[in-house]
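Here the structure comes first, spelled out in structure tokens, and everything after it is commentary.
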Amino acid sequence: MSELLKIENLHVSVGDKELLHGINLTVEKGKVHVIMGVNGAGKSTLMHAIMGNPAYKITKGRILFEGQDITELSVDKRAKLGIFLSFQSPVAVAGITMENFIRTTKTTVSGQQQKVFAFKKLLKERMNNLSMDASYAERYLNDGFSGGERKKSEILQLRLLEPKLALLDETDSGLDVDAVRIVSKNISEYHNENNSILLITHLNQILQLIKPDVVHILIDGQIVREGGAELADEVEQNGFDAYRLAVKGDGNDEA
Amino acid sequence: MTKHEEKKRSNIEDVNRSIYDIKDKVEYSFKADTGLTEEIIREISSQKEEPEWMLEKRLAALKIYDKLDVPPWMPDISDLDMSHIDTYVRPRTDMKGSWEELPENIRDTFDRLGIPEAEKTSLAGVGAQYDSEVVYHNVHEALAKQGVIYVDFETAVKQYEDLVRPVFGTLIPPSYHKFAALHYAAWSGGSFVYVPKGVEVSMPLQSYFRLNAPGAGQFEHTLIIVDEGASCHFIEGCSAPKYNVANLHAGAVELFVRKGANLRYSTIENWSKNMYNLNTKRSLVEEDGSMTWVSGSFGSHVSCLYPDTVLKGDRSKAEFTGITFAGKGQYLDTGSKIECLGKETTATVHSKSLSKGGGTAIYRGVVHIGPKAQGAKVSISCESLMLDNESRSDTIPDIIIENDNIDLGHEAKIGRIPDENIYYLMTRGLSEEDAKAMLVRGFAEPISKELPLEYAVEMNKLIDLEFEGSIG
Amino acid sequence: MKEIAINRLPVLTYRYLKTNDTKILFSAPQVSAAADFSDKTYVTVGAEFPENFEGASSETLAAALAGEKYTITIPSGMQAKLTIEIKLENQHADYAGAYHFLLQKGAKLELVWKLSGTEAAQGSYLASYYELEDAAELKISKLQADLAEATLYDQRFFKLGKAAKADVASAELGGKQVIVHSRGALNGDEAALTERTVYTGTGKQHLDLFYHIDHWGKKTVSLIDGKGALAGEAKKIFRSTLDFHRGCAGSEGEEGDYAIQLSPKAKNISLPLLLCTEDNVAGNHASSAGQVSEEDVYYLMSRGFSWEEARRIIVESLMRPIVDSLETSLQEETLEEIRRKLDAKGE
């Protein structure tokens, strides 16, 4: 079975408002998928629904991960299955050092006790790859970090937790050109034929560095177009308006 | 005579207390009548063979005690019947200079608490009080040679009268409040520290207070003088096993920080949950002196504790870092008082509290900037975390400013752990309970990092246990 | 004249500081002035008051209840504007009055209180009970100025139903002793109450401000915001309490007190209480006190303002957001009065 993630007719609401109206999406093992769309289209909602954020209610449809229905599974169990979400705005947690935090999560997710010195060494190496100063390991998680540093902290966690599915929610936003390159390089190094990436981005720079296999265009809570890498170039040239019309034309058909 | 109890408890809530809860057989060589009368006070004084001036102080304090009422703002202490408090319980041993000489049961108690071990590795001196009397006292020879005095308070009254008498009861007068008066009438045990001019005591001195007898009172007096330019770190630890009758702790701590001196006073209080902890602490800081408080309140049934710093000298400084964790059946009313009297004085207060399982945590504070404290700077932050929907958390600050050249900031926050933080940690694979425990440890971290290591470890264990206990 | 205790804290603290309540000399009102209504459409004579309306003290509440009594009923769905003006002068040195405002479901009222008068004025004893039914909206703007020798009691009690909103902006500029006692009960879900005050203490003015908001309903919102300057030998006591009761899940409350000290003899006392028995809330408090920042003064002086002007601009900018939330017709007058008071060198 090469299907890692399969989303079937997913409807998601926050409060009384439905934000996703029947999403179908399949991510195969070893592939890079990109979701593009304007602000408010529902891209982050989809990420959080896959991760299991309790604030996002699934009213219809289901999510399968490696063939297992995870629609009702709690967030931590999904993480243990190998799903990782890099947050668009990661939370700061005062009082817990980054090193301690990542070691604890690595122990939890892998089910294996992390040896202090071996872990320290690995952490240092990974931080070095991300051009993060070693002193950050001793700082409180994301506390007082700039936007860019928080994004790097997310990718650092990605590299150390090595999930099967990486959900990257605008990991490139708020980064300068050099940082986008460093982060992209780390994502590429993480990626192999056994894991998959689902990426949200507004920018093309990251897509030059991480070649997508499939591009989805999400508008008003629906996926309106799918295609290969060339679709990203098309969007770059034409903008999203053309696809928006497509939504209106289609009406609100449910699958 | 109270029956000897030896029941071990094993439910989750009490697990973390197991070492403290092992009770020793209650043995007395002398026990005064219950309640507080002039006769008892005279008896205590004669047992101690103390000088006449001290007896006079005790009797004067008793008169004040009888006159004063219980402050109306205090937590309910109606279960505490003073006529049933055994004010004086004398353990069957004289003070010793080595642990080996102590009776086995008392030595075992302190062994279990890890005190002799800590003395070997990381402390410059240790005092251990068992019920009303100090049973062990020792200070490193090198320090003694430099003139550092660290003795039990009875010895201090007799041997260092010239140092003790002029200041004893001046910072916390018996009229301070009813329980201060009680303290001065019935005080017993405690420590006296004198650090001579310019001497820096690099390793901490530690006093450990252990209340073993049921229905007893502990009224130790601690007096520390850090002379000009000297510095010292003093650690105070308290515990008691749990009995069904109320115990009372009404100690007094008077701290004198002279010109340019530094004193750090750390307290970890883990009294059992039948304890009424009505303790009074006050520090007087002179020019360029600096006072640091680190205070952890975890135990007791009712606590009233508000360390008070009087910044008398110009440019004197105070820093207070405190955490209070109120669980089931606990009413912990704690806080801090800052009095800026001198010019350009500065004070920082960080207070955190947690309440859970129906417990009540109250922050009660005072900042008073006097008319002459030009250039005073005070910053206060109070954070209260509610861990469930059965508990209570109140913040009651009182800020009084009497001059214009000041800078004051006060912030307080009440709420629970934000859902998005729990979610974030869960996306990294932590269960909800683990995520909460981690966030609470993080909340407490700025304080626990100020604590001696073994206490910080103890505190984290306590937090974890509270969360394990909450599952299901 | 007798000594009474007013504005007692809902939970007490240390006695030696003498801040649990304020002791003042009280005398009952004598010759009462009459209030002037801009519109009497909804006004009837006589009023009922709830038992739990406590006022600043039993004596001061009784004094108000012994005066004029009116009920203002805004019927369901109606919108109304009303100005009530009280002038205290030689023949009418006192005012006593009790008002019950009933805003029925969805009703809206914009209410303006104006209190003014000469140095002959002795005292004003007001009690107003604001009862807001579901989705009712009330906006109060209050300006009191002058009245240099008077003692002014303003006692308010708000009861808010579901999604009801009350927004109070007041400028406490006049009076010798100013006593405000405001209590709000956010009973209905999503009810919201805002209490904002600017004050300028000069000379020997005494301001005794008390605000207490109880969160009972779910997702209720409160704000207590005091901003002012203290000059001369003025004294201000700010007692504010946010009480989150068990069951008020999702509620948010904020209280703040910011005073600029303009004189070494001014006294500034603040007791911002947060009481809480519900975990799902966000309660915040921030208070600060100090002088105007040297850096700000420097910046303004580099733009050509004198030191005094710069200081005045800074003080004004602190108060401006609250002044701007007053009803338009009061704004200019309020600003002028603030400037006049701060320029008068009451220090």
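In the structure tokens, each chain is lettered A, B, ... as it comes, each chain's residues begin at 1, and ligands are numbered from 1 in order of appearance.
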
Just the strand (DSSP E or B) stuff from segment 204-287 of chain B, please, per backbone DSSP, written as number ranges by chain.
-> B: 205-210, 216-218, 221-226, 231-239, 247-249, 252-257, 262-270, 275-278, 280-285

Distance filter 7 Å, only C-alpha atoms, chain A against chain B, as a PyMOL selection string = chain A and resi 51+53+75-77+79-80+84-85+91+94-96+105+108-109

Do a neighbour search on segment 319-322 of chain C at 8 Å with only C-alpha atoms, toss out local chain neighbours closer than 3 positions, and write the hits as a count of residues only.
-> 11

Within 7 Å of chain B, which residues of chain C are there when counting only C-alpha atoms? Please give them as a ChimeraX atom specification.
-> /C:12-14,261-291

To one decimal in Å, tell me the separation between atom CA of Asn262 of chain B and atom CA of Ala144 of chain B.
->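 Value for the atom CA of Asn262 of chain B-atom CA of Ala144 of chain B distance: 19.1 Å.
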
Would you please work out which residue, of A:Ile206, A:Ile197, A:Ala242, A:Ala137, is nearest to Ser184 of chain A when using only C-alpha atoms?
->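 Counting only C-alpha atoms, the residue closest to Ser184 of chain A is A:Ile206.
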
Any idea what's packed within 8 Å of Leu199 of chain A, counting only C-alpha atoms, ignoring anything in its chain fewer than 6 positions away? Could you give it as number ranges by chain?
-> A: 32-35, 166-170

Polymer residues at most 6 Å from Ala252 of chain B, only C-alpha atoms, same-chain spacing of 3 or more positions, as a list of chain:residue names = B:His221, B:Thr280, B:Lys281

Close residues, Ser351 of chain B itself excluded, 6 Å, only C-alpha atoms, min 6 positions apart in chain, as a PyMOL selection string = chain B and resi 321-323+382

Nearest to Leu330 of chain C by atom-to-atom distance, counting only C-alpha atoms, from C:Ala35, C:Val112, C:Leu193, C:Leu342 =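 Closest to Leu330 of chain C, using only C-alpha atoms: C:Val112.
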
Residues near Lys17 of chain A, cut-off 12 Å, only C-alpha atoms, skip fewer than 6 positions along chain, as a list of chain:residue names |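 Here the qualifying residues turn out to be A:His11, A:Gly42, A:Thr45, A:Ala55, A:Tyr56, A:Lys57, A:Ile58, A:Thr59, A:Gly221.
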
Please save N, CA and C atoms of the selected residues as a CSV table (one decimal), in the first residue's frame.
chain,number,residue,atom,x,y,z
A,11,HIS,N,-15.5,17.4,5.8
A,11,HIS,CA,-16.2,18.6,6.2
A,11,HIS,C,-15.7,19.1,7.5
A,42,GLY,N,-8.8,28.0,3.7
A,42,GLY,CA,-9.0,26.8,4.5
A,42,GLY,C,-7.7,25.9,4.5
A,45,THR,N,-6.7,25.1,8.1
A,45,THR,CA,-7.8,24.3,8.7
A,45,THR,C,-7.6,22.9,8.3
A,55,ALA,N,-10.3,22.1,18.3
A,55,ALA,CA,-11.0,23.3,17.9
A,55,ALA,C,-11.7,23.1,16.6
A,56,TYR,N,-11.2,22.2,15.8
A,56,TYR,CA,-11.7,22.0,14.4
A,56,TYR,C,-12.6,20.7,14.4
A,57,LYS,N,-13.9,20.9,14.2
A,57,LYS,CA,-14.8,19.7,14.3
A,57,LYS,C,-15.0,19.1,12.9
A,58,ILE,N,-14.7,17.8,12.8
A,58,ILE,CA,-15.0,17.1,11.6
A,58,ILE,C,-16.5,16.7,11.6
A,59,THR,N,-17.3,17.2,10.7
A,59,THR,CA,-18.7,16.9,10.8
A,59,THR,C,-19.1,15.8,9.8
A,221,GLY,N,-12.6,26.5,0.7
A,221,GLY,CA,-12.9,25.3,1.4
A,221,GLY,C,-13.0,24.1,0.4
